[in-house]
$ cat target.cif   # mmCIF, C-alpha atoms
data_work
#
loop_
_atom_site.group_PDB
_atom_site.id
_atom_site.type_symbol
_atom_site.label_atom_id
_atom_site.label_comp_id
_atom_site.auth_asym_id
_atom_site.auth_seq_id
_atom_site.Cartn_x
_atom_site.Cartn_y
_atom_site.Cartn_z
ATOM 1 C CA MET Y 1 -9.076 -15.867 -18.597
ATOM 2 C CA ASP Y 2 -6.179 -18.015 -17.379
ATOM 3 C CA ILE Y 3 -4.189 -19.943 -19.973
ATOM 4 C CA ALA Y 4 -1.158 -22.181 -19.569
ATOM 5 C CA VAL Y 5 1.199 -23.077 -22.381
ATOM 6 C CA GLY Y 6 2.957 -26.415 -21.956
ATOM 7 C CA SER Y 7 6.516 -25.183 -22.409
ATOM 8 C CA GLY Y 8 9.100 -23.014 -20.737
ATOM 9 C CA ASN Y 9 10.142 -21.599 -24.134
ATOM 10 C CA PRO Y 10 9.510 -17.825 -24.153
ATOM 11 C CA VAL Y 11 8.738 -17.879 -27.896
ATOM 12 C CA LYS Y 12 5.807 -20.230 -27.320
ATOM 13 C CA ARG Y 13 4.539 -18.101 -24.448
ATOM 14 C CA ARG Y 14 4.733 -14.945 -26.603
ATOM 15 C CA ALA Y 15 2.770 -16.678 -29.379
ATOM 16 C CA VAL Y 16 -0.057 -17.414 -26.921
ATOM 17 C CA GLU Y 17 0.088 -13.910 -25.411
ATOM 18 C CA ARG Y 18 -0.219 -12.370 -28.877
ATOM 19 C CA THR Y 19 -3.173 -14.642 -29.672
ATOM 20 C CA CYS Y 20 -4.927 -13.883 -26.360
ATOM 21 C CA PRO Y 21 -3.751 -10.398 -25.318
ATOM 22 C CA ASP Y 22 -6.348 -10.009 -22.563
ATOM 23 C CA ALA Y 23 -5.526 -13.330 -20.875
ATOM 24 C CA SER Y 24 -3.099 -14.235 -18.137
ATOM 25 C CA VAL Y 25 -0.617 -16.681 -19.705
ATOM 26 C CA ALA Y 26 1.580 -18.983 -17.649
ATOM 27 C CA ALA Y 27 4.414 -21.047 -19.091
ATOM 28 C CA VAL Y 28 4.621 -24.482 -17.489
ATOM 29 C CA ALA Y 29 7.108 -27.003 -18.827
ATOM 30 C CA VAL Y 30 5.492 -30.396 -19.431
ATOM 31 C CA ASP Y 31 6.665 -33.450 -21.331
ATOM 32 C CA SER Y 32 5.333 -33.826 -24.864
ATOM 33 C CA GLY Y 33 5.290 -37.613 -24.795
ATOM 34 C CA VAL Y 34 6.962 -37.700 -28.226
ATOM 35 C CA SER Y 35 10.566 -37.785 -29.411
ATOM 36 C CA GLU Y 36 12.821 -34.737 -29.156
ATOM 37 C CA GLN Y 37 12.555 -34.368 -32.934
ATOM 38 C CA PRO Y 38 9.000 -35.308 -33.904
ATOM 39 C CA THR Y 39 8.746 -36.685 -37.416
ATOM 40 C CA GLY Y 40 5.583 -36.408 -39.467
ATOM 41 C CA HIS Y 41 2.320 -34.649 -38.769
ATOM 42 C CA ASP Y 42 0.889 -37.426 -36.577
ATOM 43 C CA GLU Y 43 3.751 -37.368 -34.065
ATOM 44 C CA THR Y 44 3.921 -33.573 -34.072
ATOM 45 C CA ILE Y 45 0.156 -33.270 -33.468
ATOM 46 C CA ALA Y 46 0.344 -35.887 -30.708
ATOM 47 C CA GLY Y 47 3.032 -33.846 -28.964
ATOM 48 C CA ALA Y 48 0.968 -30.653 -29.138
ATOM 49 C CA VAL Y 49 -2.194 -32.371 -27.840
ATOM 50 C CA THR Y 50 -0.302 -34.111 -25.018
ATOM 51 C CA ARG Y 51 1.280 -30.830 -23.937
ATOM 52 C CA ALA Y 52 -2.119 -29.077 -23.943
ATOM 53 C CA GLU Y 53 -3.753 -31.808 -21.863
ATOM 54 C CA ARG Y 54 -0.871 -32.107 -19.404
ATOM 55 C CA VAL Y 55 -0.542 -28.381 -18.818
ATOM 56 C CA LEU Y 56 -4.301 -28.003 -18.270
ATOM 57 C CA ASP Y 57 -4.025 -30.680 -15.571
ATOM 58 C CA ALA Y 58 -1.039 -28.860 -13.991
ATOM 59 C CA GLY Y 59 -3.098 -26.053 -12.478
ATOM 60 C CA ASP Y 60 -6.324 -24.084 -12.397
ATOM 61 C CA TYR Y 61 -6.491 -22.852 -15.991
ATOM 62 C CA ASP Y 62 -9.340 -22.175 -18.402
ATOM 63 C CA PHE Y 63 -7.287 -23.438 -21.354
ATOM 64 C CA GLY Y 64 -4.185 -25.509 -21.898
ATOM 65 C CA VAL Y 65 -2.101 -24.860 -25.004
ATOM 66 C CA GLY Y 66 0.425 -27.222 -26.520
ATOM 67 C CA ILE Y 67 2.793 -26.253 -29.302
ATOM 68 C CA GLU Y 68 5.059 -28.706 -31.079
ATOM 69 C CA GLY Y 69 7.511 -28.281 -33.931
ATOM 70 C CA GLY Y 70 8.553 -31.187 -36.096
ATOM 71 C CA VAL Y 71 9.688 -32.226 -39.534
ATOM 72 C CA ALA Y 72 7.737 -34.003 -42.243
ATOM 73 C CA ALA Y 73 8.658 -35.438 -45.628
ATOM 74 C CA PHE Y 74 6.627 -34.517 -48.695
ATOM 75 C CA SER Y 75 6.925 -35.595 -52.296
ATOM 76 C CA ALA Y 76 9.475 -33.562 -54.215
ATOM 77 C CA GLY Y 77 6.765 -33.090 -56.839
ATOM 78 C CA ASP Y 78 9.035 -34.046 -59.697
ATOM 79 C CA GLY Y 79 7.435 -37.377 -60.594
ATOM 80 C CA THR Y 80 10.070 -39.407 -58.743
ATOM 81 C CA ASP Y 81 9.898 -41.155 -55.375
ATOM 82 C CA GLU Y 82 12.144 -38.442 -53.927
ATOM 83 C CA THR Y 83 10.958 -36.472 -50.907
ATOM 84 C CA ASP Y 84 11.926 -33.147 -49.404
ATOM 85 C CA LEU Y 85 11.974 -32.462 -45.673
ATOM 86 C CA TYR Y 86 9.937 -29.595 -44.234
ATOM 87 C CA LEU Y 87 9.648 -27.796 -40.922
ATOM 88 C CA VAL Y 88 6.092 -28.202 -39.577
ATOM 89 C CA MET Y 89 4.425 -26.800 -36.485
ATOM 90 C CA TRP Y 90 1.190 -27.637 -34.706
ATOM 91 C CA ALA Y 91 -0.756 -26.151 -31.821
ATOM 92 C CA ALA Y 92 -3.515 -27.680 -29.704
ATOM 93 C CA VAL Y 93 -5.882 -25.960 -27.284
ATOM 94 C CA THR Y 94 -8.102 -27.712 -24.756
ATOM 95 C CA ASP Y 95 -10.611 -26.678 -22.146
ATOM 96 C CA GLY Y 96 -10.736 -30.228 -20.785
ATOM 97 C CA GLU Y 97 -13.687 -31.211 -22.960
ATOM 98 C CA ARG Y 98 -12.818 -30.178 -26.500
ATOM 99 C CA VAL Y 99 -9.539 -29.935 -28.363
ATOM 100 C CA GLY Y 100 -8.786 -27.489 -31.171
ATOM 101 C CA ARG Y 101 -5.807 -28.200 -33.436
ATOM 102 C CA ALA Y 102 -4.160 -26.181 -36.187
ATOM 103 C CA ALA Y 103 -0.934 -26.042 -38.150
ATOM 104 C CA GLY Y 104 1.371 -23.129 -38.695
ATOM 105 C CA PRO Y 105 3.388 -22.458 -41.836
ATOM 106 C CA THR Y 106 5.326 -25.274 -43.479
ATOM 107 C CA LEU Y 107 8.822 -24.388 -44.706
ATOM 108 C CA ALA Y 108 11.216 -26.443 -46.802
ATOM 109 C CA LEU Y 109 14.489 -27.313 -45.091
ATOM 110 C CA PRO Y 110 17.675 -26.604 -47.039
ATOM 111 C CA ALA Y 111 19.335 -29.847 -48.190
ATOM 112 C CA ARG Y 112 22.357 -29.541 -45.881
ATOM 113 C CA ILE Y 113 20.039 -29.134 -42.875
ATOM 114 C CA ALA Y 114 17.626 -31.868 -44.013
ATOM 115 C CA ASP Y 115 20.504 -34.335 -44.486
ATOM 116 C CA ARG Y 116 21.547 -33.904 -40.862
ATOM 117 C CA ILE Y 117 17.961 -34.295 -39.614
ATOM 118 C CA ASP Y 118 17.612 -37.460 -41.721
ATOM 119 C CA ALA Y 119 20.802 -38.703 -40.032
ATOM 120 C CA GLY Y 120 19.116 -38.392 -36.617
ATOM 121 C CA GLU Y 121 20.005 -34.911 -35.388
ATOM 122 C CA GLU Y 122 17.511 -32.396 -33.962
ATOM 123 C CA LEU Y 123 16.686 -29.212 -35.899
ATOM 124 C CA GLY Y 124 17.453 -26.649 -33.162
ATOM 125 C CA PRO Y 125 21.010 -27.840 -32.450
ATOM 126 C CA VAL Y 126 21.692 -28.275 -36.183
ATOM 127 C CA MET Y 127 20.588 -24.696 -36.826
ATOM 128 C CA ASP Y 128 22.756 -23.446 -33.939
ATOM 129 C CA ASP Y 129 25.740 -25.347 -35.347
ATOM 130 C CA VAL Y 130 25.260 -24.113 -38.910
ATOM 131 C CA LEU Y 131 24.656 -20.499 -37.854
ATOM 132 C CA GLY Y 132 27.087 -20.333 -34.938
ATOM 133 C CA THR Y 133 24.222 -19.337 -32.612
ATOM 134 C CA ASP Y 134 23.016 -20.529 -29.233
ATOM 135 C CA ASP Y 135 19.376 -21.522 -28.640
ATOM 136 C CA ILE Y 136 17.916 -20.320 -31.956
ATOM 137 C CA ALA Y 137 14.650 -22.067 -30.939
ATOM 138 C CA LYS Y 138 14.180 -19.469 -28.172
ATOM 139 C CA ASN Y 139 14.762 -16.593 -30.572
ATOM 140 C CA GLU Y 140 13.902 -16.119 -34.263
ATOM 141 C CA GLY Y 141 13.845 -19.874 -34.883
ATOM 142 C CA ALA Y 142 14.418 -21.678 -38.161
ATOM 143 C CA ALA Y 143 11.343 -19.922 -39.586
ATOM 144 C CA GLY Y 144 12.992 -16.552 -39.022
ATOM 145 C CA VAL Y 145 16.255 -17.655 -40.574
ATOM 146 C CA PHE Y 146 14.657 -19.261 -43.635
ATOM 147 C CA THR Y 147 12.451 -16.222 -44.342
ATOM 148 C CA GLY Y 148 15.113 -13.589 -43.785
ATOM 149 C CA GLY Y 149 13.346 -12.418 -40.629
ATOM 150 C CA ARG Y 150 10.043 -11.749 -42.389
ATOM 151 C CA LEU Y 151 8.326 -14.543 -40.438
ATOM 152 C CA THR Y 152 9.737 -15.160 -36.973
ATOM 153 C CA ARG Y 153 9.139 -18.311 -34.983
ATOM 154 C CA THR Y 154 6.751 -16.347 -32.778
ATOM 155 C CA ASP Y 155 4.780 -15.222 -35.855
ATOM 156 C CA ALA Y 156 4.607 -18.768 -37.198
ATOM 157 C CA LEU Y 157 3.506 -20.266 -33.890
ATOM 158 C CA GLU Y 158 0.979 -17.479 -33.345
ATOM 159 C CA SER Y 159 -0.828 -18.502 -36.538
ATOM 160 C CA ALA Y 160 -1.042 -22.109 -35.327
ATOM 161 C CA VAL Y 161 -2.292 -21.074 -31.868
ATOM 162 C CA THR Y 162 -4.860 -18.711 -33.401
ATOM 163 C CA GLY Y 163 -6.187 -21.532 -35.566
ATOM 164 C CA ALA Y 164 -6.296 -23.959 -32.636
ATOM 165 C CA PHE Y 165 -8.430 -21.483 -30.663
ATOM 166 C CA ALA Y 166 -10.977 -21.284 -33.523
ATOM 167 C CA PRO Y 167 -13.411 -23.881 -32.087
ATOM 168 C CA PHE Y 168 -13.603 -21.812 -28.901
ATOM 169 C CA ARG Y 169 -14.216 -18.515 -30.700
ATOM 170 C CA CYS Y 170 -16.638 -19.449 -33.453
ATOM 171 C CA GLU Y 171 -20.135 -20.833 -33.032
ATOM 172 C CA LEU Y 172 -19.893 -22.868 -36.256
ATOM 173 C CA TYR Y 173 -17.843 -25.583 -34.531
#
$ encode --input "target.cif" --output "structure tokens"
Amino acid sequence: MDIAVGSGNPVKRRAVERTCPDASVAAVAVDSGVSEQPTGHDETIAGAVTRAERVLDAGDYDFGVGIEGGVAAFSAGDGTDETDLYLVMWAAVTDGERVGRAAGPTLALPARIADRIDAGEELGPVMDDVLGTDDIAKNEGAAGVFTGGRLTRTDALESAVTGAFAPFRCELY
């Protein structure tokens, strides 16, 4: 089976390889069609689906996989109109006819990070600035930092990719 993931990020490729260990997985950078910092589930899903469709069209593959990380605001749950900002991640898989979609874990952003995202910055560079790192998105990611390394970005994305492959692995769909 030949699969292409619509990104040059090695973390995203590893997530697909771990989900489909017997497949040949190519990483092909394609545009997501959404902003650099997707906001909300709708925009994040749209980016994942667009990547999956575009990478499938980029070559002779059985499946195209798109993975997109974003941020989304949810009620603070304290009875006020306040919201908290969360890291969200979505994956999409297509064979050209059907599309499977699934989310990975959702993690609350610390206030000092969320404030900068609300001000228009992108999560990856903010994390690099706060941590004094370079390209955290290609390593443990924010998920790894926030969970003390117990859940790496690869782990988190693997769960989304696994869920997105469900319609292709289960007859109930």
$ closest_residue --input "target.cif" --among "Y:Met127, Y:Ala29, Y:Val11, Y:Leu157" --to "Pro110 of chain Y" --atoms "all atoms listed in the file"
Y:Met127
$ closest_residue --input "target.cif" --among "Y:Ser159, Y:Thr152, Y:Ser75, Y:Ser35" --to "Val16 of chain Y" --atoms "only C-alpha atoms"
Y:Ser159
$ resolve_selection --input "target.cif" --expression "the PyMOL selection byres ((chain Y and resi 136) around 12)" --output "ChimeraX atom specification"
/Y:9-11,123-135,137-145,152-154
$ residues_around --input "target.cif" --residues "segment 61-63 of chain Y" --least-positions-apart "3" --cutoff "10 Å" --atoms "all atoms listed in the file" --output "NGL selection string"
:Y and (1-5 or 23-26 or 52-53 or 55-58 or 93-96 or 99 or 165 or 168)
$ resolve_selection --input "target.cif" --expression "the PyMOL selection byres ((chain Y and resi 34) around 12)" --output "ChimeraX atom specification"
/Y:30-33,35-51,68-70
$ resolve_selection --input "target.cif" --expression "the PyMOL selection byres ((chain Y and resi 86) around 9)" --output "list in words"
Gly70, Val71, Ala72, Ala73, Phe74, Asp84, Leu85, Leu87, Val88, Thr106, Leu107, Ala108, Leu109, Pro110 and Ala114 of chain Y
$ residues_around --input "target.cif" --residues "Ala102 of chain Y" --least-positions-apart "4" --cutoff "6 Å" --atoms "all atoms listed in the file" --output "PyMOL selection string"
chain Y and resi 90-91+160+163-164
$ atom_distance --input "target.cif" --atom1 "atom CA of Pro105 of chain Y" --atom2 "atom CA of Ala92 of chain Y"
14.9 Å
$ atom_distance --input "target.cif" --atom1 "atom CA of Asp81 of chain Y" --atom2 "atom CA of Gly104 of chain Y"
26.0 Å
$ closest_residue --input "target.cif" --among "Y:Ile117, Y:Ala156, Y:Ala76, Y:Val65" --to "Ala103 of chain Y" --atoms "all atoms listed in the file"
Y:Ala156
$ closest_residue --input "target.cif" --among "Y:Glu122, Y:Asp155, Y:Asp115, Y:Glu171" --to "Thr83 of chain Y" --atoms "only C-alpha atoms"
Y:Asp115
$ atom_distance --input "target.cif" --atom1 "atom CA of Tyr173 of chain Y" --atom2 "atom CA of Gly6 of chain Y"
24.3 Å
